[in-house]
There are 2 protein chains.
Amino acid sequence: MSLNILVIGGVALGPKAAARAKRLLPDANITLIDQGTYISYGGCGIPYFVGGDVADMNGLRTTVAGVVRDEAFFSELKGVKAICHTRALSIDRKAKSVLVENTKTGEQSQMPYDKLVIATGSSPRIPPIPGTDLKNVTSVTCLEAAKAIQEQCAARQIGHAVIIGAGFIGLEMAVALADMWGIEVTVIEMMDHVLPAQLCSNFAQMAKKDLEDLGVHVLCGEAVKELKGDENGAVCQVVTNKRVIDADQVIFSIGVTPNDKIAAEAGILCHPRGGIMVNSHMQTSDPDIYAGGDVVVVRNLISGDFSFLPLGSMANRQGRVIGTNLGGGQATFEGVVGSWCVKLNEMYASGAGLTLRQAKAAGFDAIEVSVEGADKAHFYPGHTNASINLVVDQKSRRVLGVQGMSTDGSAIKARTDAVAALLQSSKPTLNEVSNLEVCYAPPFAGAMDIINAAANVADNVVSGIHKGISPDEFVKLWDERAENNYYFIDFRPEKAGKPIEERHPGEYLALALEDFNARKGEIPTDRPVAVVCNTGTRAFEAQLKMRELGIDSVNVEGGFIALRKRGDDEKF
Amino acid sequence: MSLNILVIGGVALGPKAAARAKRLLPDANITLIDQGTYISYGGCGIPYFVGGDVADMNGLRTTVAGVVRDEAFFSELKGVKAICHTRALSIDRKAKSVLVENTKTGEQSQMPYDKLVIATGSSPRIPPIPGTDLKNVTSVTCLEAAKAIQEQCAARQIGHAVIIGAGFIGLEMAVALADMWGIEVTVIEMMDHVLPAQLCSNFAQMAKKDLEDLGVHVLCGEAVKELKGDENGAVCQVVTNKRVIDADQVIFSIGVTPNDKIAAEAGILCHPRGGIMVNSHMQTSDPDIYAGGDVVVVRNLISGDFSFLPLGSMANRQGRVIGTNLGGGQATFEGVVGSWCVKLNEMYASGAGLTLRQAKAAGFDAIEVSVEGADKAHFYPGHTNASINLVVDQKSRRVLGVQGMSTDGSAIKARTDAVAALLQSSKPTLNEVSNLEVCYAPPFAGAMDIINAAANVADNVVSGIHKGISPDEFVKLWDERAENNYYFIDFRPEKAGKPIEERHPGEYLALALEDFNARKGEIPTDRPVAVVCNTGTRAFEAQLKMRELGIDSVNVEGGFIALRKRGDDEKF
């Protein structure tokens, strides 16, 4: 008798595992059930549908060849029997059978299996505050919700949208609503900056500026207490711990929780904080039951901790591993380094590994170093300035994480992915990233690629020869200069710094690096000194020369390019 | 007494090592000599200066801040005494002194050292044929030669340029001359395709088409026998083993040879085929003498062989390692995987690791697999189709090399660099590339990134479930269909293949994959079958369905997208 494979869940991992298994086992009976109407759609594309980049919702449901991935598609083209409107209620592991319910008729039946795949995904988190059940309060995690919002936008029924949570989907939706539809958008984030689990504070400031350039209001460190409704039961106000905001649309994007209930109830091992546990073959504690995608926890290869990574890309990769193993193979999925990327307004951001905060929480003696540099040879036309951040353990010089930010998405994807590959395959030190053999020609990179340069700067910082501070710290020194008595020296070509010097005599000196030897006598020796240039490089040279004179200083990483990206250049 | 460091050679590695050492050793006396007029210039940018992308030659000599890197720059800003027009003649290792000559006055003197860095670079290879000393015959490896050509272009003195050698510089110069100046350009390559040391035959065909689209003539498998001159001693004809070509400018780009003579004569260990041998600290067989850049041989981390990698990026990375070690550090350079990239006309190409030919020569049981796919989510606007090639050892499934080709340089840099990082840090198998955790969001990649997809296809090929052939092989099958009796089935949506079927009845069938079950009876069982679709994916599905019917077939990797990039679609 041929093998019976049942897959619960029809988005991303489920279809991938089913189709892969069918290719390897042409004789197997493979059934895929899903409680919704739509299956195998690109959920990550929802903000681009709402924002008009994807003109038709079916664009998210079609193959490269333009064929809609519906039940008939799976049955006829993939040899997988797909059944929508069918919810799995419970798993009887002893009988190897799943109790299912038709969501339209309520009819229940048993579906037997030899091998089962749990791909039930995750559900959006909704905070326990009053008003979440009002009209026009939603989470955009399924096509139906996306369609509803898009139709309201098109009908001009949304004047002010409030997005609660500054994660990926929240920010992507903020841009979509503000850019395409001219809607007034406010993003509220409880943590102290946007993308708190992904970005350093410095890059988060750049991201905030980029969103604000589009007119999006960004409120961080602010907690939503209540949603208030009008006489029709529709949301009309968002109440935070700091203010009241008018709103006729509220979107939650404060993360998701794994739909692991059916597994837990069947006695399958789950993590105390939620999510099914799987081994490297993606098997649950019941070897005949596989699970993957948003519903499982995965091992973070850097911290060693279990983590939760609800990304379509991981689901696809895990889906193939499960399909291979269902087909008798021995594919493995060893864990994750948490690679991510997101397009904001004009800026793209990406990263992999741990942030400084995460690294410290994992017990590392970590620091972070940021650099600014051209993504192509600086003499090659059309290059953009990329920002790169590295998180490094000081003692071992081990690289723990990378972040990038630029107006060219592929350029930072290149730098992030190369480090992600290292993080995934080894425990790289700064020497490995310094010598990372990324490809080079002037239209692609500088001869010293910015990712190599970032490691070099970090190496100098860890070695103590470069005393760098972040733009956050630099701005704080500047803002508090009346108290701290800091003196600021700008080593850019003189015309860049002179107007600032003229505005702030006695506090700020424009001293072109070329004139250092001639003018070094002007550098005060009786007060603390902070140095700056355009990217940090010239000021580092100056710092070394000053050290020979016995003058200590701190140099702002990324210089005025970083300050400008943050919107802080106007302070000077 | 302070340390005396002498650096021979003022481009790329030399200045980097000198400046780095000075930062670590402020008290050291560091001297850098060079026989030329210009130092520390971006030689890789020469084609972009000739091609007009870099308006002023000084653009290749300036820092990001716009300061020219000349002798004064190094003395004043870097604390390194730079001396031009000074050639090193010999090294007396016992006395620790270098005999040098002023190239203007002929005056000779001794320069003592405690530590020496040999950064003498390489010289262009000139073949032993008659006529290489004619006027307007050159190699474009220094700024002086670049300036001369650019001035001749501007004065419209070049009608037909012949470039001998289809390597990086040859192709970059071909594009620069044809695109900017409208010059008729012919490239002659002795090997059977362009970029023979970098590209697979399939991608080389795409590169050739891309150059031909600009009007460049590309002649492969052709050997230059002689250059003929006119009555003024200027070149006027290039004679090959197949034809005579009129030419008023000839540029050699058939590679370079390391300038290791001064080292070899001093008894420093060199490789029998040329190039100084160094350990992982970049020390020569004399521990007080370092060497790096174009003049050394490096270990290929994949094949284990010694190889020669004359790239500005490697020189910069090695320069920093040498500088660190001169300063008392312990930096290492372990070897290379040969990452490279180049911009052609509309196309960009990149790669790392071994080509199929190199892998076989190194003793691997290697195959190669090519795929075509979108570099962003296929529903996201503005994506381009990227071509990815993987070279894999069949037995161990170890990935040995990667190549990419696309109209978006950063997009293929991303995929190449991620694999390069793996190759550099481990011995990755297909499982590692399949699960490579590259970052994902629709504006950056597909949920199954094309680099993951390439590994998946290669896995299917190695496992025997996907029988792929290269476009080279497919075109051959098509060209010889009268003899081999092959039947061709096109599984794209019917309107794509129908016109071809109508032109070739009995040889070609348009059978949309959706209609497979209804029309499977039309597939012949008595003759060999080759299948095709747009990228290879649909035809692979069809291949599996045909196998269930007992019908074997071969599927062309990359489908019509690859055929179109090669210019072969018009054959059908």
# chains A, B, ... in the order shown; residues from 1 in each chain; ligands from 1

$ residues_around --residues "Gly233 in chain B" --least-positions-apart "2" --cutoff "9 Å" --atoms "only C-alpha atoms" --output "PyMOL selection string"
chain B and resi 133-135+228-231+235-236

$ write_last_selection --atoms "C-alpha atoms" --output "short mmCIF file (atom, residue, chain, number, x, y, z; two decimals), in the first residue's frame"
data_model
loop_
_atom_site.label_atom_id
_atom_site.label_comp_id
_atom_site.auth_asym_id
_atom_site.auth_seq_id
_atom_site.Cartn_x
_atom_site.Cartn_y
_atom_site.Cartn_z
CA ASP B 133 57.08 46.77 -30.57
CA LEU B 134 55.08 48.70 -33.17
CA LYS B 135 53.51 52.04 -32.32
CA LYS B 228 51.98 44.20 -39.08
CA GLY B 229 53.00 47.84 -39.26
CA ASP B 230 52.65 50.65 -41.78
CA GLU B 231 55.38 52.85 -43.21
CA VAL B 235 50.41 48.85 -36.21
CA CYS B 236 47.96 48.43 -39.11
#

$ select_by_dssp --residues "range 260-363 of chain B" --states "alpha helix (DSSP H)" --output "list in words"
Lys261, Ile262, Ala263, Ala264, Glu265, Gly312, Ser313, Met314, Ala315, Asn316, Arg317, Gln318, Gly319, Arg320, Val321, Ile322, Gly323, Thr324, Asn325, Leu326, Leu356, Arg357, Gln358, Ala359, Lys360 and Ala361 of chain B

$ write_last_selection --atoms "C-alpha atoms" --output "mmCIF file, in the first residue's frame"
data_model
loop_
_atom_site.group_PDB
_atom_site.id
_atom_site.type_symbol
_atom_site.label_atom_id
_atom_site.label_comp_id
_atom_site.auth_asym_id
_atom_site.auth_seq_id
_atom_site.Cartn_x
_atom_site.Cartn_y
_atom_site.Cartn_z
ATOM 1 C CA LYS B 261 63.162 38.775 -10.232
ATOM 2 C CA ILE B 262 64.611 40.924 -7.477
ATOM 3 C CA ALA B 263 63.420 38.401 -4.894
ATOM 4 C CA ALA B 264 64.611 35.332 -6.773
ATOM 5 C CA GLU B 265 68.029 36.884 -7.322
ATOM 6 C CA GLY B 312 43.608 44.972 -6.202
ATOM 7 C CA SER B 313 41.251 43.725 -3.525
ATOM 8 C CA MET B 314 43.531 40.870 -2.491
ATOM 9 C CA ALA B 315 46.489 43.240 -2.487
ATOM 10 C CA ASN B 316 44.669 45.597 -0.138
ATOM 11 C CA ARG B 317 43.689 42.810 2.245
ATOM 12 C CA GLN B 318 47.187 41.343 2.226
ATOM 13 C CA GLY B 319 48.655 44.813 2.680
ATOM 14 C CA ARG B 320 46.772 45.232 5.904
ATOM 15 C CA VAL B 321 47.929 41.809 7.130
ATOM 16 C CA ILE B 322 51.540 42.743 6.426
ATOM 17 C CA GLY B 323 51.127 46.130 8.102
ATOM 18 C CA THR B 324 49.641 44.488 11.181
ATOM 19 C CA ASN B 325 52.462 41.967 11.387
ATOM 20 C CA LEU B 326 55.108 44.621 10.897
ATOM 21 C CA LEU B 356 34.075 22.904 -14.033
ATOM 22 C CA ARG B 357 37.285 22.706 -16.018
ATOM 23 C CA GLN B 358 39.382 23.688 -12.996
ATOM 24 C CA ALA B 359 37.509 21.286 -10.739
ATOM 25 C CA LYS B 360 38.128 18.367 -13.068
ATOM 26 C CA ALA B 361 41.776 19.356 -13.402
#

$ closest_atom_pairs --of "chain B" --to "chain A" --cutoff "6 Å" --atoms "only C-alpha atoms" --output "tab-separated table"
residue	atom	partner	partner_atom	distance
B:Gly59	CA	A:Phe379	CA	5.9
B:Gly312	CA	A:Ala447	CA	5.9
B:Ser313	CA	A:Ala447	CA	4.3
B:Ser339	CA	A:Cys439	CA	4.8
B:Trp340	CA	A:Cys439	CA	4.6
B:Cys341	CA	A:Cys439	CA	5.7
B:Phe379	CA	A:Gly59	CA	5.9
B:Ser410	CA	A:Ala411	CA	5.3
B:Ala411	CA	A:Ser410	CA	5.3
B:Ala414	CA	A:Ala414	CA	3.5
B:Asp417	CA	A:Val438	CA	5.1
B:Ala418	CA	A:Ala418	CA	4.1
B:Ala421	CA	A:Ala418	CA	5.6
B:Leu422	CA	A:Ala421	CA	5.8
B:Val438	CA	A:Asp417	CA	5.1
B:Cys439	CA	A:Trp340	CA	4.6
B:Tyr440	CA	A:Cys341	CA	5.8
B:Ala441	CA	A:Cys341	CA	5.9
B:Ala447	CA	A:Ser313	CA	4.3
B:Met448	CA	A:Ser313	CA	5.8

$ residues_around --residues "range 476-488 of chain A" --least-positions-apart "3" --cutoff "6 Å" --atoms "only C-alpha atoms" --output "ChimeraX atom specification"
/A:473,507-508,528-531

$ write_last_selection --atoms "C-alpha atoms" --output "PDB file, in the first residue's frame"
ATOM      1  CA  GLU A 473      27.025  59.210  22.133  1.00  0.00           C
ATOM      2  CA  GLU A 507      33.520  74.948  20.923  1.00  0.00           C
ATOM      3  CA  TYR A 508      34.119  73.785  17.373  1.00  0.00           C
ATOM      4  CA  PRO A 528      38.233  66.652  26.447  1.00  0.00           C
ATOM      5  CA  VAL A 529      38.184  66.463  22.659  1.00  0.00           C
ATOM      6  CA  ALA A 530      35.764  64.801  20.246  1.00  0.00           C
ATOM      7  CA  VAL A 531      36.736  64.524  16.572  1.00  0.00           C
TER       8      VAL A 531
END

$ atom_distance --atom1 "CA of Asn232 in chain A" --atom2 "CA of Leu177 in chain A"
23.7 Å

$ closest_residue --among "A:Gly267, A:Pro196, A:Pro471, A:Gly275" --to "Arg566 in chain A" --atoms "only C-alpha atoms"
A:Pro471

$ residues_around --residues "range 239-241 of chain B" --least-positions-apart "5" --cutoff "7 Å" --atoms "only C-alpha atoms" --output "PyMOL selection string"
chain B and resi 222-227

$ write_last_selection --atoms "C-alpha atoms" --output "PDB file, in the first residue's frame"
ATOM      1  CA  GLU B 222      41.796  32.035 -32.535  1.00  0.00           C
ATOM      2  CA  ALA B 223      45.513  32.693 -32.155  1.00  0.00           C
ATOM      3  CA  VAL B 224      47.314  35.899 -33.048  1.00  0.00           C
ATOM      4  CA  LYS B 225      50.391  35.162 -35.155  1.00  0.00           C
ATOM      5  CA  GLU B 226      51.777  38.565 -36.042  1.00  0.00           C
ATOM      6  CA  LEU B 227      51.194  42.295 -35.883  1.00  0.00           C
TER       7      LEU B 227
END

$ closest_residue --among "B:Gly131, B:Gly521, B:Gly558, B:Pro499" --to "Phe474 in chain B" --atoms "only C-alpha atoms"
B:Gly558

$ closest_residue --among "B:Gln108, B:Ser122, B:Gln152, B:Thr186" --to "Val244 in chain B" --atoms "only C-alpha atoms"
B:Thr186

$ closest_residue --among "B:Ile158, B:Val402, B:Ala197, B:Arg93" --to "Gly182 in chain B" --atoms "only C-alpha atoms"
B:Ile158

$ atom_distance --atom1 "CA of Val80 in chain A" --atom2 "CA of Leu32 in chain A"
7.0 Å

$ select_by_dssp --residues "range 49-102 of chain A" --states "strand (DSSP E)" --output "ChimeraX atom specification"
/A:81-83,86-92,97-102

$ write_last_selection --atoms "C-alpha atoms" --output "PDB file, in the first residue's frame"
ATOM      1  CA  LYS A  81      -4.626  16.630  -3.022  1.00  0.00           C
ATOM      2  CA  ALA A  82      -5.283  20.077  -1.528  1.00  0.00           C
ATOM      3  CA  ILE A  83      -8.432  20.696   0.505  1.00  0.00           C
ATOM      4  CA  THR A  86     -10.715  22.274   6.507  1.00  0.00           C
ATOM      5  CA  ARG A  87      -9.472  22.777  10.044  1.00  0.00           C
ATOM      6  CA  ALA A  88      -7.482  20.187  11.979  1.00  0.00           C
ATOM      7  CA  LEU A  89      -8.995  19.781  15.443  1.00  0.00           C
ATOM      8  CA  SER A  90      -6.890  17.086  17.085  1.00  0.00           C
ATOM      9  CA  ILE A  91      -4.275  14.451  16.423  1.00  0.00           C
ATOM     10  CA  ASP A  92      -4.701  10.866  17.588  1.00  0.00           C
ATOM     11  CA  SER A  97      -5.362   9.965  12.462  1.00  0.00           C
ATOM     12  CA  VAL A  98      -6.345  13.638  12.495  1.00  0.00           C
ATOM     13  CA  LEU A  99      -9.847  14.815  13.327  1.00  0.00           C
ATOM     14  CA  VAL A 100     -10.804  17.580  10.907  1.00  0.00           C
ATOM     15  CA  GLU A 101     -13.762  19.868  10.478  1.00  0.00           C
ATOM     16  CA  ASN A 102     -15.173  21.462   7.361  1.00  0.00           C
TER      17      ASN A 102
END

$ residues_around --residues "Gly167 in chain A" --least-positions-apart "3" --cutoff "7 Å" --atoms "only C-alpha atoms" --output "PDB file with N, CA and C atoms, in the first residue's frame"
ATOM      1  N   GLY A 170       4.852  46.091  10.376  1.00  0.00           N
ATOM      2  CA  GLY A 170       4.369  47.405  10.765  1.00  0.00           C
ATOM      3  C   GLY A 170       4.992  48.502   9.922  1.00  0.00           C
ATOM      4  N   LEU A 171       6.295  48.457   9.749  1.00  0.00           N
ATOM      5  CA  LEU A 171       6.970  49.509   8.990  1.00  0.00           C
ATOM      6  C   LEU A 171       6.659  49.405   7.499  1.00  0.00           C
ATOM      7  N   VAL A 194      12.720  51.804  16.628  1.00  0.00           N
ATOM      8  CA  VAL A 194      12.086  50.927  15.650  1.00  0.00           C
ATOM      9  C   VAL A 194      12.951  49.683  15.423  1.00  0.00           C
ATOM     10  N   LEU A 195      12.336  48.605  14.938  1.00  0.00           N
ATOM     11  CA  LEU A 195      13.011  47.321  14.708  1.00  0.00           C
ATOM     12  C   LEU A 195      13.903  46.961  15.897  1.00  0.00           C
ATOM     13  N   SER A 253       0.942  45.004  14.753  1.00  0.00           N
ATOM     14  CA  SER A 253       2.066  44.216  14.219  1.00  0.00           C
ATOM     15  C   SER A 253       3.097  44.090  15.334  1.00  0.00           C
ATOM     16  N   ILE A 254       2.688  43.443  16.392  1.00  0.00           N
ATOM     17  CA  ILE A 254       3.579  43.279  17.546  1.00  0.00           C
ATOM     18  C   ILE A 254       4.069  41.841  17.640  1.00  0.00           C
TER      19      ILE A 254
END

$ atom_distance --atom1 "CA of Ala291 in chain A" --atom2 "CA of Thr120 in chain A"
8.6 Å

$ decode --residues "range 323-429 of chain A" --atoms "C-alpha atoms" --output "PDB file, in the first residue's frame"
ATOM      1  CA  GLY A 323       9.938  16.854   1.890  1.00  0.00           C
ATOM      2  CA  THR A 324      13.338  15.259   1.325  1.00  0.00           C
ATOM      3  CA  ASN A 325      13.154  13.330   4.586  1.00  0.00           C
ATOM      4  CA  LEU A 326       9.597  12.171   3.908  1.00  0.00           C
ATOM      5  CA  GLY A 327      11.043  10.848   0.670  1.00  0.00           C
ATOM      6  CA  GLY A 328      13.638   8.798   2.505  1.00  0.00           C
ATOM      7  CA  GLY A 329      16.454  11.342   2.408  1.00  0.00           C
ATOM      8  CA  GLN A 330      18.647  12.631   5.195  1.00  0.00           C
ATOM      9  CA  ALA A 331      18.465  16.397   4.818  1.00  0.00           C
ATOM     10  CA  THR A 332      19.138  18.481   7.872  1.00  0.00           C
ATOM     11  CA  PHE A 333      18.367  21.959   9.133  1.00  0.00           C
ATOM     12  CA  GLU A 334      20.889  22.858  11.806  1.00  0.00           C
ATOM     13  CA  GLY A 335      19.575  26.170  13.046  1.00  0.00           C
ATOM     14  CA  VAL A 336      19.496  29.822  12.213  1.00  0.00           C
ATOM     15  CA  VAL A 337      21.515  32.985  12.459  1.00  0.00           C
ATOM     16  CA  GLY A 338      18.446  35.178  12.018  1.00  0.00           C
ATOM     17  CA  SER A 339      19.121  36.853   8.676  1.00  0.00           C
ATOM     18  CA  TRP A 340      16.540  39.502   7.805  1.00  0.00           C
ATOM     19  CA  CYS A 341      15.998  42.495   5.542  1.00  0.00           C
ATOM     20  CA  VAL A 342      13.359  45.128   5.012  1.00  0.00           C
ATOM     21  CA  LYS A 343      12.649  47.985   2.658  1.00  0.00           C
ATOM     22  CA  LEU A 344      11.582  51.178   4.395  1.00  0.00           C
ATOM     23  CA  ASN A 345      10.986  54.450   2.527  1.00  0.00           C
ATOM     24  CA  GLU A 346      14.153  55.290   0.590  1.00  0.00           C
ATOM     25  CA  MET A 347      16.305  53.077   2.799  1.00  0.00           C
ATOM     26  CA  TYR A 348      16.819  49.349   2.915  1.00  0.00           C
ATOM     27  CA  ALA A 349      18.019  47.610   6.067  1.00  0.00           C
ATOM     28  CA  SER A 350      19.349  44.105   6.629  1.00  0.00           C
ATOM     29  CA  GLY A 351      21.144  42.036   9.212  1.00  0.00           C
ATOM     30  CA  ALA A 352      22.157  38.666  10.567  1.00  0.00           C
ATOM     31  CA  GLY A 353      23.265  37.327  13.912  1.00  0.00           C
ATOM     32  CA  LEU A 354      22.913  39.122  17.204  1.00  0.00           C
ATOM     33  CA  THR A 355      22.370  42.783  17.971  1.00  0.00           C
ATOM     34  CA  LEU A 356      24.485  44.302  20.721  1.00  0.00           C
ATOM     35  CA  ARG A 357      21.617  43.943  23.162  1.00  0.00           C
ATOM     36  CA  GLN A 358      21.090  40.294  22.230  1.00  0.00           C
ATOM     37  CA  ALA A 359      24.804  39.572  22.388  1.00  0.00           C
ATOM     38  CA  LYS A 360      25.074  40.988  25.893  1.00  0.00           C
ATOM     39  CA  ALA A 361      21.994  39.057  26.951  1.00  0.00           C
ATOM     40  CA  ALA A 362      23.646  35.899  25.617  1.00  0.00           C
ATOM     41  CA  GLY A 363      26.637  36.549  27.873  1.00  0.00           C
ATOM     42  CA  PHE A 364      29.120  37.954  25.401  1.00  0.00           C
ATOM     43  CA  ASP A 365      31.431  40.842  26.308  1.00  0.00           C
ATOM     44  CA  ALA A 366      30.229  42.568  23.189  1.00  0.00           C
ATOM     45  CA  ILE A 367      30.694  45.939  21.541  1.00  0.00           C
ATOM     46  CA  GLU A 368      29.389  47.310  18.272  1.00  0.00           C
ATOM     47  CA  VAL A 369      31.164  49.325  15.617  1.00  0.00           C
ATOM     48  CA  SER A 370      29.553  51.245  12.759  1.00  0.00           C
ATOM     49  CA  VAL A 371      31.140  52.476   9.550  1.00  0.00           C
ATOM     50  CA  GLU A 372      30.028  54.475   6.544  1.00  0.00           C
ATOM     51  CA  GLY A 373      31.473  53.793   3.129  1.00  0.00           C
ATOM     52  CA  ALA A 374      30.815  53.635  -0.582  1.00  0.00           C
ATOM     53  CA  ASP A 375      29.252  50.390  -1.807  1.00  0.00           C
ATOM     54  CA  LYS A 376      31.211  50.692  -5.068  1.00  0.00           C
ATOM     55  CA  ALA A 377      34.626  52.194  -5.836  1.00  0.00           C
ATOM     56  CA  HIS A 378      34.384  55.785  -4.656  1.00  0.00           C
ATOM     57  CA  PHE A 379      35.458  57.010  -8.089  1.00  0.00           C
ATOM     58  CA  TYR A 380      32.793  54.939  -9.843  1.00  0.00           C
ATOM     59  CA  PRO A 381      29.624  56.866 -10.660  1.00  0.00           C
ATOM     60  CA  GLY A 382      26.358  55.979  -8.986  1.00  0.00           C
ATOM     61  CA  HIS A 383      27.724  54.512  -5.792  1.00  0.00           C
ATOM     62  CA  THR A 384      25.731  54.963  -2.616  1.00  0.00           C
ATOM     63  CA  ASN A 385      26.910  55.206   0.959  1.00  0.00           C
ATOM     64  CA  ALA A 386      26.264  52.065   2.929  1.00  0.00           C
ATOM     65  CA  SER A 387      26.207  51.871   6.713  1.00  0.00           C
ATOM     66  CA  ILE A 388      27.574  48.669   8.243  1.00  0.00           C
ATOM     67  CA  ASN A 389      27.441  47.689  11.903  1.00  0.00           C
ATOM     68  CA  LEU A 390      29.362  44.781  13.391  1.00  0.00           C
ATOM     69  CA  VAL A 391      28.770  43.262  16.809  1.00  0.00           C
ATOM     70  CA  VAL A 392      31.940  41.722  18.207  1.00  0.00           C
ATOM     71  CA  ASP A 393      32.946  39.856  21.336  1.00  0.00           C
ATOM     72  CA  GLN A 394      35.897  41.816  22.684  1.00  0.00           C
ATOM     73  CA  LYS A 395      37.749  38.962  24.286  1.00  0.00           C
ATOM     74  CA  SER A 396      37.632  36.389  21.488  1.00  0.00           C
ATOM     75  CA  ARG A 397      37.259  38.942  18.656  1.00  0.00           C
ATOM     76  CA  ARG A 398      34.446  36.720  17.456  1.00  0.00           C
ATOM     77  CA  VAL A 399      31.965  38.418  15.127  1.00  0.00           C
ATOM     78  CA  LEU A 400      28.444  37.936  16.456  1.00  0.00           C
ATOM     79  CA  GLY A 401      26.279  40.003  14.154  1.00  0.00           C
ATOM     80  CA  VAL A 402      26.071  42.394  11.241  1.00  0.00           C
ATOM     81  CA  GLN A 403      23.607  45.058  10.170  1.00  0.00           C
ATOM     82  CA  GLY A 404      23.463  47.147   7.026  1.00  0.00           C
ATOM     83  CA  MET A 405      21.560  50.177   5.857  1.00  0.00           C
ATOM     84  CA  SER A 406      21.609  51.867   2.460  1.00  0.00           C
ATOM     85  CA  THR A 407      19.459  53.145  -0.376  1.00  0.00           C
ATOM     86  CA  ASP A 408      20.565  50.102  -2.429  1.00  0.00           C
ATOM     87  CA  GLY A 409      18.994  46.916  -1.098  1.00  0.00           C
ATOM     88  CA  SER A 410      21.102  44.436  -3.050  1.00  0.00           C
ATOM     89  CA  ALA A 411      24.308  46.178  -2.001  1.00  0.00           C
ATOM     90  CA  ILE A 412      23.609  45.614   1.700  1.00  0.00           C
ATOM     91  CA  LYS A 413      22.162  42.169   1.050  1.00  0.00           C
ATOM     92  CA  ALA A 414      25.557  41.283  -0.421  1.00  0.00           C
ATOM     93  CA  ARG A 415      27.446  42.373   2.700  1.00  0.00           C
ATOM     94  CA  THR A 416      24.965  40.884   5.141  1.00  0.00           C
ATOM     95  CA  ASP A 417      24.655  37.550   3.377  1.00  0.00           C
ATOM     96  CA  ALA A 418      28.404  37.033   3.198  1.00  0.00           C
ATOM     97  CA  VAL A 419      28.706  37.490   6.947  1.00  0.00           C
ATOM     98  CA  ALA A 420      25.560  35.391   7.494  1.00  0.00           C
ATOM     99  CA  ALA A 421      27.226  32.551   5.586  1.00  0.00           C
ATOM    100  CA  LEU A 422      30.271  32.813   7.847  1.00  0.00           C
ATOM    101  CA  LEU A 423      28.133  32.913  10.987  1.00  0.00           C
ATOM    102  CA  GLN A 424      26.233  29.865   9.792  1.00  0.00           C
ATOM    103  CA  SER A 425      29.289  27.774   8.986  1.00  0.00           C
ATOM    104  CA  SER A 426      31.834  28.740  11.609  1.00  0.00           C
ATOM    105  CA  LYS A 427      32.631  31.003  14.523  1.00  0.00           C
ATOM    106  CA  PRO A 428      34.315  33.774  12.549  1.00  0.00           C
ATOM    107  CA  THR A 429      36.665  36.238  14.180  1.00  0.00           C
TER     108      THR A 429
END
